[in-house]
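> upload_9.cif is the file, holding mmCIF, C-alpha atoms and all ligand atoms:
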data_my_file
#
loop_
_atom_site.label_atom_id
_atom_site.label_comp_id
_atom_site.auth_asym_id
_atom_site.auth_seq_id
_atom_site.Cartn_x
_atom_site.Cartn_y
_atom_site.Cartn_z
CA MET A 1437 114.27 86.52 86.54
CA SER A 1438 116.05 89.82 86.52
CA GLU A 1439 118.23 92.10 88.59
CA ILE A 1440 116.54 95.37 89.41
CA LYS A 1441 118.19 98.47 90.85
CA THR A 1442 116.12 101.10 92.58
CA LYS A 1443 116.68 104.16 94.72
CA CYS A 1444 113.74 103.19 96.90
CA LEU A 1445 112.08 99.84 97.49
CA ILE A 1446 108.65 100.02 99.16
CA ILE A 1447 107.36 96.81 100.70
CA GLY A 1448 103.61 96.68 101.21
CA SER A 1449 100.61 98.31 99.64
CA GLY A 1450 98.18 99.75 102.15
CA PRO A 1451 97.62 103.50 102.45
CA ALA A 1452 101.17 103.89 103.83
CA GLY A 1453 102.92 102.10 100.96
CA TYR A 1454 100.89 103.69 98.17
CA THR A 1455 101.23 107.17 99.66
CA ALA A 1456 104.99 106.66 100.03
CA ALA A 1457 105.05 105.61 96.35
CA LEU A 1458 103.06 108.71 95.36
CA TYR A 1459 105.40 111.09 97.16
CA THR A 1460 108.66 109.40 96.12
CA SER A 1461 107.55 109.22 92.51
CA ARG A 1462 106.66 112.92 92.50
CA ALA A 1463 110.16 113.56 93.89
CA ASN A 1464 111.63 111.72 90.87
CA ILE A 1465 113.02 108.94 93.04
CA GLY A 1466 111.46 106.23 90.84
CA PRO A 1467 110.17 103.94 93.62
CA LEU A 1468 109.57 100.23 93.19
CA LEU A 1469 106.67 98.91 95.25
CA TYR A 1470 105.82 95.27 95.94
CA GLU A 1471 102.20 94.84 96.89
CA GLY A 1472 102.42 91.64 98.94
CA HIS A 1473 99.75 89.04 99.72
CA GLN A 1474 96.85 91.44 99.99
CA PRO A 1475 97.16 94.33 97.52
CA GLY A 1476 95.57 97.36 99.19
CA GLY A 1477 96.06 95.93 102.67
CA GLN A 1478 93.57 95.68 105.53
CA LEU A 1479 91.23 98.31 104.05
CA THR A 1480 90.25 95.92 101.29
CA ILE A 1481 88.57 93.67 103.87
CA THR A 1482 86.38 96.45 105.24
CA THR A 1483 83.21 97.55 103.54
CA GLU A 1484 82.71 101.29 103.29
CA VAL A 1485 85.21 103.95 104.30
CA GLU A 1486 83.46 107.08 105.47
CA ASN A 1487 86.19 108.71 107.56
CA PHE A 1488 88.91 109.32 104.97
CA PRO A 1489 88.97 113.07 104.32
CA GLY A 1490 88.05 114.07 100.80
CA TYR A 1491 85.23 111.57 100.28
CA PRO A 1492 82.09 113.35 101.46
CA GLU A 1493 79.88 110.53 100.18
CA GLY A 1494 82.20 107.81 101.50
CA THR A 1495 83.95 105.21 99.37
CA THR A 1496 84.92 101.57 99.62
CA GLY A 1497 88.27 100.42 100.98
CA THR A 1498 89.07 98.80 97.66
CA GLN A 1499 88.21 101.95 95.71
CA LEU A 1500 90.25 104.16 98.05
CA MET A 1501 93.30 101.93 97.68
CA ASP A 1502 92.89 101.75 93.93
CA ASP A 1503 92.65 105.56 93.77
CA ILE A 1504 95.93 106.10 95.66
CA ARG A 1505 97.60 103.29 93.69
CA ARG A 1506 96.63 104.88 90.36
CA GLN A 1507 97.70 108.29 91.62
CA ALA A 1508 101.18 106.89 92.40
CA ILE A 1509 101.43 105.11 89.04
CA ARG A 1510 100.48 108.33 87.26
CA PHE A 1511 103.71 109.87 88.55
CA GLY A 1512 105.83 106.88 87.53
CA ALA A 1513 105.81 104.54 90.53
CA ASP A 1514 106.65 100.98 89.51
CA VAL A 1515 103.95 99.00 91.34
CA ARG A 1516 104.30 95.25 91.08
CA GLN A 1517 102.27 92.33 92.29
CA GLY A 1518 104.34 89.87 94.27
CA LEU A 1519 106.09 89.29 97.53
CA ILE A 1520 109.47 90.12 98.91
CA THR A 1521 110.53 86.76 100.30
CA LYS A 1522 113.97 87.72 101.64
CA ILE A 1523 115.77 90.90 102.47
CA ASP A 1524 119.28 91.70 103.64
CA LEU A 1525 119.49 94.99 105.55
CA SER A 1526 123.02 94.43 106.85
CA LYS A 1527 124.75 96.51 104.17
CA ARG A 1528 124.01 99.09 101.49
CA PRO A 1529 122.78 98.78 98.87
CA PHE A 1530 120.15 96.60 100.51
CA THR A 1531 119.29 93.41 98.64
CA ALA A 1532 115.97 91.62 98.36
CA LEU A 1533 114.52 88.60 96.61
CA THR A 1534 111.01 88.37 95.18
CA ASP A 1535 108.73 85.33 94.89
CA GLY A 1536 109.18 85.59 91.12
CA GLY A 1537 112.93 85.05 91.56
CA ASP A 1538 113.97 88.64 90.80
CA THR A 1539 116.76 90.21 92.84
CA ILE A 1540 116.58 93.85 93.88
CA GLU A 1541 119.28 96.28 94.92
CA ALA A 1542 117.89 99.27 96.77
CA ASP A 1543 119.55 102.42 98.14
CA SER A 1544 116.70 102.86 100.61
CA VAL A 1545 113.75 100.82 101.84
CA ILE A 1546 110.33 101.80 103.18
CA ILE A 1547 108.65 99.03 105.13
CA SER A 1548 104.87 99.33 105.10
CA THR A 1549 103.83 95.72 105.52
CA GLY A 1550 101.03 96.59 107.97
CA ALA A 1551 99.56 94.50 110.72
CA SER A 1552 96.96 91.80 110.73
CA ALA A 1553 94.10 91.56 113.20
CA LYS A 1554 94.22 88.36 115.16
CA PHE A 1555 91.26 86.06 114.67
CA LEU A 1556 89.94 83.38 116.98
CA GLY A 1557 90.41 80.74 114.29
CA LEU A 1558 86.74 79.82 113.91
CA PRO A 1559 85.79 78.84 110.34
CA ASP A 1560 82.64 81.02 110.69
CA GLU A 1561 84.72 84.18 111.09
CA LYS A 1562 85.74 84.05 107.43
CA LYS A 1563 82.22 83.11 106.33
CA TYR A 1564 80.68 86.25 107.90
CA MET A 1565 83.59 88.62 107.24
CA GLY A 1566 82.02 91.89 106.07
CA LEU A 1567 78.57 90.36 106.76
CA GLY A 1568 78.63 90.96 110.50
CA VAL A 1569 82.21 90.11 111.44
CA SER A 1570 84.70 92.96 111.65
CA ALA A 1571 88.03 93.70 113.25
CA CYS A 1572 87.61 97.49 113.27
CA ALA A 1573 84.83 99.34 115.10
CA THR A 1574 85.90 102.75 113.79
CA CYS A 1575 85.65 101.41 110.23
CA ASP A 1576 82.41 99.45 110.47
CA GLY A 1577 80.65 100.54 113.68
CA PHE A 1578 78.39 103.00 111.90
CA PHE A 1579 76.56 100.16 110.16
CA TYR A 1580 75.30 98.89 113.52
CA ARG A 1581 73.25 101.90 114.59
CA ARG A 1582 70.71 100.89 117.20
CA LYS A 1583 71.66 97.21 116.75
CA ARG A 1584 73.16 94.58 119.09
CA VAL A 1585 76.87 93.92 118.80
CA ALA A 1586 79.57 91.98 120.65
CA VAL A 1587 83.26 92.71 121.07
CA VAL A 1588 85.67 89.86 121.81
CA GLY A 1589 88.64 90.60 124.05
CA GLY A 1590 89.36 92.24 127.37
CA GLY A 1591 92.30 94.54 126.59
CA ASP A 1592 92.44 98.28 125.93
CA THR A 1593 91.53 97.80 122.27
CA ALA A 1594 88.41 95.80 123.17
CA CYS A 1595 87.36 98.42 125.74
CA GLU A 1596 87.93 101.23 123.24
CA GLU A 1597 85.96 99.40 120.57
CA ALA A 1598 83.13 98.64 123.01
CA LEU A 1599 82.98 102.28 124.15
CA TYR A 1600 83.00 103.52 120.57
CA LEU A 1601 80.22 101.10 119.64
CA SER A 1602 78.18 101.93 122.75
CA ASN A 1603 77.57 105.41 121.28
CA ILE A 1604 76.19 103.89 118.08
CA ALA A 1605 74.65 100.51 118.84
CA ALA A 1606 71.71 99.87 121.16
CA GLU A 1607 73.51 97.20 123.16
CA VAL A 1608 77.10 96.06 123.36
CA PHE A 1609 78.37 92.80 124.86
CA MET A 1610 82.01 92.19 125.68
CA ILE A 1611 83.00 88.55 125.48
CA VAL A 1612 85.95 88.09 127.85
CA ARG A 1613 87.55 84.71 128.33
CA LYS A 1614 88.93 85.42 131.82
CA ASP A 1615 87.16 86.67 134.96
CA TYR A 1616 88.80 90.08 134.62
CA LEU A 1617 89.57 92.73 132.02
CA ARG A 1618 93.21 93.13 131.09
CA ALA A 1619 92.68 96.76 130.07
CA SER A 1620 93.96 99.74 132.06
CA LYS A 1621 91.87 100.66 135.13
CA VAL A 1622 90.53 103.84 133.58
CA MET A 1623 89.27 101.99 130.50
CA GLN A 1624 87.75 99.24 132.65
CA GLN A 1625 85.88 101.84 134.68
CA ARG A 1626 84.58 103.61 131.60
CA VAL A 1627 83.25 100.30 130.26
CA LEU A 1628 81.64 99.33 133.56
CA ASP A 1629 80.03 102.78 133.85
CA LYS A 1630 78.31 102.48 130.47
CA PRO A 1631 74.75 101.28 130.96
CA ASN A 1632 74.48 99.70 127.51
CA ILE A 1633 77.67 97.59 127.79
CA THR A 1634 77.39 94.16 129.39
CA VAL A 1635 80.61 92.28 130.12
CA LEU A 1636 80.31 88.49 129.82
CA PHE A 1637 83.25 87.20 131.86
CA ASN A 1638 84.60 83.63 131.66
CA THR A 1639 83.00 83.32 128.25
CA ASN A 1640 84.36 81.87 125.01
CA THR A 1641 82.96 81.98 121.50
CA VAL A 1642 82.70 78.58 119.86
CA GLY A 1643 80.75 79.45 116.71
CA LEU A 1644 78.68 82.00 114.81
CA TYR A 1645 75.36 81.56 113.06
CA GLY A 1646 73.07 83.30 110.59
CA ASP A 1647 71.69 82.95 107.10
CA GLU A 1648 73.26 85.44 104.72
CA PHE A 1649 74.25 87.85 107.52
CA LEU A 1650 75.42 87.14 111.04
CA GLN A 1651 72.57 86.64 113.50
CA GLY A 1652 74.32 85.43 116.62
CA ALA A 1653 77.16 83.69 118.41
CA HIS A 1654 77.35 80.33 120.17
CA LEU A 1655 79.00 80.95 123.54
CA VAL A 1656 80.25 78.83 126.42
CA GLU A 1657 80.51 80.09 129.97
CA GLU A 1658 82.91 78.55 132.50
CA LYS A 1659 84.28 76.21 129.83
CA GLY A 1660 85.82 73.01 131.17
CA THR A 1661 84.34 73.38 134.67
CA GLU A 1662 81.33 71.77 136.38
CA ARG A 1663 79.42 74.99 135.77
CA GLU A 1664 79.98 74.88 131.98
CA GLN A 1665 76.99 76.37 130.21
CA HIS A 1666 76.29 76.76 126.49
CA PHE A 1667 74.08 79.56 125.23
CA ASP A 1668 73.41 81.66 122.13
CA LEU A 1669 73.68 85.44 121.98
CA GLU A 1670 71.66 87.20 119.30
CA ILE A 1671 73.83 89.89 117.71
CA ASP A 1672 74.14 91.69 114.39
CA GLY A 1673 77.84 92.51 114.68
CA PHE A 1674 80.81 90.57 116.06
CA PHE A 1675 83.96 92.67 116.52
CA LEU A 1676 87.33 91.04 117.11
CA ALA A 1677 89.66 92.95 119.41
CA ILE A 1678 92.08 90.32 120.61
CA GLY A 1679 95.15 92.14 119.35
CA HIS A 1680 97.04 92.76 116.13
CA LYS A 1681 100.16 91.12 114.83
CA PRO A 1682 102.56 93.37 112.93
CA ASN A 1683 103.78 91.81 109.71
CA THR A 1684 107.48 91.80 110.54
CA ASP A 1685 108.40 88.11 110.18
CA LEU A 1686 110.52 88.98 107.13
CA LEU A 1687 112.66 91.33 109.22
CA GLU A 1688 113.19 89.38 112.39
CA GLY A 1689 116.73 89.63 113.74
CA GLN A 1690 117.58 92.43 111.30
CA ILE A 1691 115.87 95.52 112.65
CA GLU A 1692 114.85 96.87 116.05
CA LEU A 1693 111.37 95.68 117.02
CA ASP A 1694 109.49 96.29 120.26
CA GLU A 1695 108.31 93.41 122.45
CA ALA A 1696 105.10 93.06 120.43
CA GLY A 1697 107.03 92.90 117.13
CA TYR A 1698 106.33 96.47 115.89
CA ILE A 1699 109.20 98.33 114.19
CA VAL A 1700 110.70 100.98 116.46
CA THR A 1701 111.02 104.39 114.81
CA ARG A 1702 112.96 107.28 116.27
CA ASP A 1703 113.19 111.03 116.65
CA HIS A 1704 109.55 111.66 115.62
CA SER A 1705 110.38 110.43 112.14
CA THR A 1706 109.99 107.17 110.23
CA ALA A 1707 113.69 106.33 110.65
CA THR A 1708 114.52 102.90 112.05
CA ASN A 1709 117.79 101.87 113.71
CA ILE A 1710 119.20 101.15 110.21
CA PRO A 1711 120.18 104.23 108.19
CA GLY A 1712 118.26 104.14 104.90
CA VAL A 1713 115.45 101.92 106.20
CA PHE A 1714 112.17 103.63 107.11
CA ALA A 1715 108.89 102.30 108.46
CA ALA A 1716 105.38 103.62 107.81
CA GLY A 1717 101.85 102.63 108.71
CA ASP A 1718 100.57 99.97 111.06
CA VAL A 1719 103.82 97.99 111.03
CA ALA A 1720 105.25 100.72 113.27
CA ASP A 1721 102.03 101.92 114.90
CA PRO A 1722 100.25 99.86 117.56
CA HIS A 1723 98.24 102.89 118.55
CA TYR A 1724 96.27 104.80 115.90
CA ARG A 1725 95.88 102.25 113.08
CA GLN A 1726 93.76 104.45 110.80
CA ALA A 1727 93.96 104.73 107.02
CA ILE A 1728 94.61 108.46 107.27
CA THR A 1729 97.39 108.12 109.86
CA ALA A 1730 99.00 105.34 107.79
CA ALA A 1731 98.82 107.51 104.67
CA GLY A 1732 100.33 110.40 106.64
CA SER A 1733 103.24 108.29 107.81
CA GLY A 1734 103.77 107.04 104.23
CA CYS A 1735 104.19 110.67 103.22
CA LYS A 1736 106.65 111.21 106.09
CA ALA A 1737 108.66 108.13 105.07
CA ALA A 1738 108.91 109.41 101.49
CA LEU A 1739 110.18 112.80 102.70
CA ASP A 1740 112.66 111.03 105.02
CA VAL A 1741 113.90 108.94 102.06
CA GLU A 1742 114.26 112.04 99.92
CA ARG A 1743 116.45 113.66 102.59
CA PHE A 1744 118.44 110.48 103.14
CA LEU A 1745 119.22 110.08 99.42
CA ALA A 1746 120.28 113.72 99.15
CA LEU A 1747 122.89 113.35 101.91
P1 LIG B 1801 95.99 92.92 124.50
O1 LIG B 1801 96.96 91.85 124.19
O2 LIG B 1801 96.26 93.89 125.59
O3 LIG B 1801 94.59 92.23 124.88
C1 LIG B 1801 94.06 91.20 124.11
C2 LIG B 1801 92.78 90.74 124.77
O4 LIG B 1801 92.23 89.73 123.93
C3 LIG B 1801 92.98 90.12 126.15
O5 LIG B 1801 91.87 90.36 126.96
C4 LIG B 1801 93.07 88.65 125.80
O6 LIG B 1801 92.63 87.80 126.84
C5 LIG B 1801 92.10 88.54 124.68
N1 LIG B 1801 92.38 87.41 123.83
C6 LIG B 1801 93.55 87.11 123.18
N2 LIG B 1801 93.43 85.98 122.48
C7 LIG B 1801 92.15 85.56 122.69
C8 LIG B 1801 91.41 84.43 122.26
N3 LIG B 1801 91.95 83.52 121.43
N4 LIG B 1801 90.14 84.29 122.66
C9 LIG B 1801 89.56 85.22 123.49
N5 LIG B 1801 90.20 86.30 123.94
C10 LIG B 1801 91.49 86.46 123.54
O7 LIG B 1801 95.71 93.61 123.08
P2 LIG B 1801 95.13 95.07 122.76
O8 LIG B 1801 95.00 95.13 121.29
O9 LIG B 1801 93.94 95.34 123.57
O10 LIG B 1801 96.27 96.06 123.20
C11 LIG B 1801 97.59 95.96 122.65
C12 LIG B 1801 98.48 97.02 123.33
O11 LIG B 1801 98.08 98.32 122.91
C13 LIG B 1801 98.33 96.99 124.86
O12 LIG B 1801 99.57 97.29 125.41
C14 LIG B 1801 97.35 98.09 125.14
O13 LIG B 1801 97.49 98.63 126.42
C15 LIG B 1801 97.71 99.10 124.04
N6 LIG B 1801 96.55 99.93 123.71
C16 LIG B 1801 96.40 101.11 124.37
C17 LIG B 1801 95.33 101.91 124.14
C18 LIG B 1801 95.20 103.17 124.88
O14 LIG B 1801 96.02 103.42 125.73
N7 LIG B 1801 94.21 103.97 124.62
C19 LIG B 1801 94.29 101.55 123.15
C20 LIG B 1801 94.53 100.28 122.53
C21 LIG B 1801 95.61 99.50 122.82
P3 LIG B 1801 93.56 87.43 128.11
O15 LIG B 1801 93.56 88.65 129.00
O16 LIG B 1801 92.83 86.27 128.66
O17 LIG B 1801 94.92 87.09 127.56
#
As C-alpha cells, please, write out the structure in this file.
Ligand code: NDP

Amino acid sequence: MSEIKTKCLIIGSGPAGYTAALYTSRANIGPLLYEGHQPGGQLTITTEVENFPGYPEGTTGTQLMDDIRRQAIRFGADVRQGLITKIDLSKRPFTALTDGGDTIEADSVIISTGASAKFLGLPDEKKYMGLGVSACATCDGFFYRRKRVAVVGGGDTACEEALYLSNIAAEVFMIVRKDYLRASKVMQQRVLDKPNITVLFNTNTVGLYGDEFLQGAHLVEEKGTEREQHFDLEIDGFFLAIGHKPNTDLLEGQIELDEAGYIVTRDHSTATNIPGVFAAGDVADPHYRQAITAAGSGCKAALDVERFLAL
C-alpha cells in the first residue's frame, strides 16, 4: 500500500483513456492510468475492427487497444491494472483509493470509464458472444453479409442498428417487446419503409440456440396472454440494442450527470462542472460511441488537462 501523487489520474482504459494517456505523457504530465475491470474496454469484446483509420487490413479490438496502450507507455504513462474503488472530487488535490489499497492524490482527473451495453440477462448471450451475439452493428455488421439477423429493442438505437444491418444482411428482424416502437417517428418510418426489415411486435426472446455458432432464437409472442405463442427464428446474428449504461456509479452525487447517468460536459470541451475533472469517451457520449470518436475525445481531454495545469 502506498501513497501516490500524480498530476493527472486517468480512470478507464478504452480508446479514450489510452489516448488521453498517450497525449498527457507526451506533454510530460506523467499520467497515471487505472485500467479497471476490462482492460481495453468494450472493444475487447468485439471481433475485428475494420473502421479505425490507419488499419487498411483491419485489426482486432484487443490488438488495437494493446497498440495504443503500448504507445502511451512508450512515452512514460504509468498504466496499472486495478480499479479505483473510491474517489473524492470535492476538493483539490482530488483523492482516490484503489482496490490494492493505494491512495492517490491527483491535480486533475480524466474519467473515461465507458459505458456498458445492456443485456437481456439470458445465459446464452454470454455463450454466443462474438459467435453471433453482438451489441454493436457498426462493429460487427459486416460479418453478416447476405445473412439473417435480429435486433432486439424498439428505440432509436435499435432502429439505427436495424437500418445499418438492412444494407448488409439479407433479412433483418426487430424483436420488440411492446406493440409499438419507442424510437422517433422519422426512424420508425425509415424502418417500416425498408422491405427487408420485419418488426416482430409483442415479442420477447427467451433463449438462443446453435452448435458452435448462433443458429437461432427462441421467441414468445404475446407472453402471458391467452394468445401466447412460442416459436423459433433462424438467425445468424443477434444484436442487442436495448440501451447502454454509462459506468458512472463511482461518481454518483459528486459530478453533474444527465438523466441517463452520462457525465455532462460543457463549452464544446471535455470539462465537467468540477474544475480539473474532465470526461472522455462513451461515459460522456450517448450518441456516437465509436472507437475513433472516443479516442478523439481522449485527445481533447488531455489537451484540456494540459491547459488546466498551466493556469
Ligand atoms: P431507449 O431506452 O430509447 O430504448 C430501449 C429499447 O429497448 C426500448 O424499445 C425498450 O423497450 C427496449 N428494451 C429495454 N429493455 C428491454 C428488455 N429487457 N427486453 C426487451 N426490450 C427491452 O434506448 P436507445 O439506446 O435506443 O436510445 C437511448 C437514447 O439515445 C434515446 O434518448 C434515443 O432517442 C437516443 N438516440 C438517438 C439517436 C438519434 O437521434 N439518431 C440514435 C440512438 C439513440 P420499451 O419501449 O418496451 O421500454
> To check your reading of the model: which residues sit at most 9 Å from ligand LIG 1801 (chain B) when counting all atoms listed in the file? Write the answer as a PyMOL selection string.
chain A and resi 1553-1557+1588-1597+1611-1620+1623+1639-1641+1676-1680+1696+1722-1724
> Given all atoms listed in the file as the basis, pick out the residue of A:Ser1552, A:Gln1624, A:Thr1634, A:Thr1729 nearest to Lys1681 (chain A).
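Between A:Ser1552, A:Gln1624, A:Thr1634, A:Thr1729, the residue approaching Lys1681 (chain A) most closely is A:Ser1552.
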> Do a neighbour search on Val1713 (chain A) at 7 Å with only C-alpha atoms, toss out local chain neighbours closer than 2 positions, and write the hits as a list in words.
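That gives Ser1544, Val1545, Ile1546, Ala1707, Thr1708, Ile1710, Pro1711 and Ala1715 of chain A.
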> Write out as a PyMOL selection string each polymer residue whose atoms come within 6 Å of region 1514-1525 of chain A, counting all atoms listed in the file; drop sequence neighbours fewer than 4 positions from it.
chain A and resi 1468-1472+1530-1535
> From the set A:Ala1452, A:Ala1542, A:Met1437, A:Met1565, which residue has the shortest atom-to-atom contact distance to Ile1465 (chain A), counting all atoms listed in the file?
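Looking only at the distances to Ile1465 (chain A), the closest residue turns out to be A:Ala1542.
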> Determine, using only C-alpha atoms, which residues of region 1439-1506 of chain A have any atom at most 12 Å from an atom of region 1571-1575 of chain A, and tabulate each with its shortest atom pair and distance in Å to one decimal place, rows ordered by chain and then rising number, as JSON lines.

{"residue": "A:Gln1478", "atom": "CA", "partner": "A:Ala1571", "partner_atom": "CA", "distance": 9.7}
{"residue": "A:Leu1479", "atom": "CA", "partner": "A:Cys1575", "partner_atom": "CA", "distance": 8.9}
{"residue": "A:Thr1480", "atom": "CA", "partner": "A:Cys1575", "partner_atom": "CA", "distance": 11.5}
{"residue": "A:Ile1481", "atom": "CA", "partner": "A:Ala1571", "partner_atom": "CA", "distance": 9.4}
{"residue": "A:Thr1482", "atom": "CA", "partner": "A:Cys1575", "partner_atom": "CA", "distance": 7.1}
{"residue": "A:Thr1483", "atom": "CA", "partner": "A:Cys1575", "partner_atom": "CA", "distance": 8.1}
{"residue": "A:Glu1484", "atom": "CA", "partner": "A:Cys1575", "partner_atom": "CA", "distance": 7.5}
{"residue": "A:Val1485", "atom": "CA", "partner": "A:Cys1575", "partner_atom": "CA", "distance": 6.5}
{"residue": "A:Glu1486", "atom": "CA", "partner": "A:Cys1575", "partner_atom": "CA", "distance": 7.7}
{"residue": "A:Asn1487", "atom": "CA", "partner": "A:Cys1575", "partner_atom": "CA", "distance": 7.8}
{"residue": "A:Phe1488", "atom": "CA", "partner": "A:Cys1575", "partner_atom": "CA", "distance": 10.0}
{"residue": "A:Gly1494", "atom": "CA", "partner": "A:Cys1575", "partner_atom": "CA", "distance": 11.4}
{"residue": "A:Thr1495", "atom": "CA", "partner": "A:Cys1575", "partner_atom": "CA", "distance": 11.6}
{"residue": "A:Thr1496", "atom": "CA", "partner": "A:Cys1575", "partner_atom": "CA", "distance": 10.6}
{"residue": "A:Gly1497", "atom": "CA", "partner": "A:Cys1575", "partner_atom": "CA", "distance": 9.7}
> Choose the residue, out of A:Lys1621, A:Ala1598, A:Asp1672, A:Leu1745, that has the smallest atom-to-atom separation from Thr1442 (chain A); count all atoms listed in the file.
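Nearest candidate to Thr1442 (chain A) out of A:Lys1621, A:Ala1598, A:Asp1672, A:Leu1745: A:Leu1745.
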> For region 1729-1742 of chain A, what centre and edge lengths in Å (one decimal) does the axis-aligned box get once 3 Å is added on each side of all its listed atoms, as lines of an AutoDock Vina configuration file?

center_x = 105.8
center_y = 109.1
center_z = 104.9
size_x = 22.9
size_y = 13.5
size_z = 15.9
> Which residues are close to Lys1659 (chain A), i.e. within 10 Å by all atoms listed in the file, leaving aside same-chain residues fewer than 3 positions away? Reply as an MDAnalysis selection string.
chainID A and resid 1613 1638:1640 1655:1656 1662:1666
> Interatomic distance between CA of Ala1716 (chain A) and CA of Phe1579 (chain A)?
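The value is 29.1 Å.
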> So how many Å separate CA of Met1501 (chain A) and CA of Gly1673 (chain A), to one decimal?
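Separating CA of Met1501 (chain A) from CA of Gly1673 (chain A) is a distance of 24.8 Å.
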> What does the distance between CA of Glu1688 (chain A) and CA of Phe1744 (chain A) come to in Å, to one decimal place?
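Separation between CA of Glu1688 (chain A) and CA of Phe1744 (chain A): 23.6 Å.
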> Nearest residue to Gly1476 (chain A) out of A:Asp1647, A:Asp1576, A:Glu1493, A:Asp1502, using only C-alpha atoms?
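Checking each of A:Asp1647, A:Asp1576, A:Glu1493, A:Asp1502 against Gly1476 (chain A), counting only C-alpha atoms, the winner is A:Asp1502.
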> Please determine, counting all atoms listed in the file, which residue among A:Ala1513, A:Val1569, A:Leu1445, A:Ala1508 has the shortest atom-to-atom distance to Gly1466 (chain A).
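Ranked by minimum distance to Gly1466 (chain A), first place goes to A:Ala1513.
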> Which of these, A:Val1642, A:Leu1747, A:Val1635, A:Ala1737, has the shortest distance to Pro1559 (chain A) once you count all atoms listed in the file?
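Among the listed residues, the smallest separation from Pro1559 (chain A) belongs to A:Val1642.
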> Skip Ser1602 (chain A) itself and residues of its chain fewer than 6 positions away, then list as a ChimeraX atom specification all residues within 12 Å of it, counting all atoms listed in the file.
/A:1573-1574,1577-1578,1580-1587,1594-1596,1608-1610,1626-1634
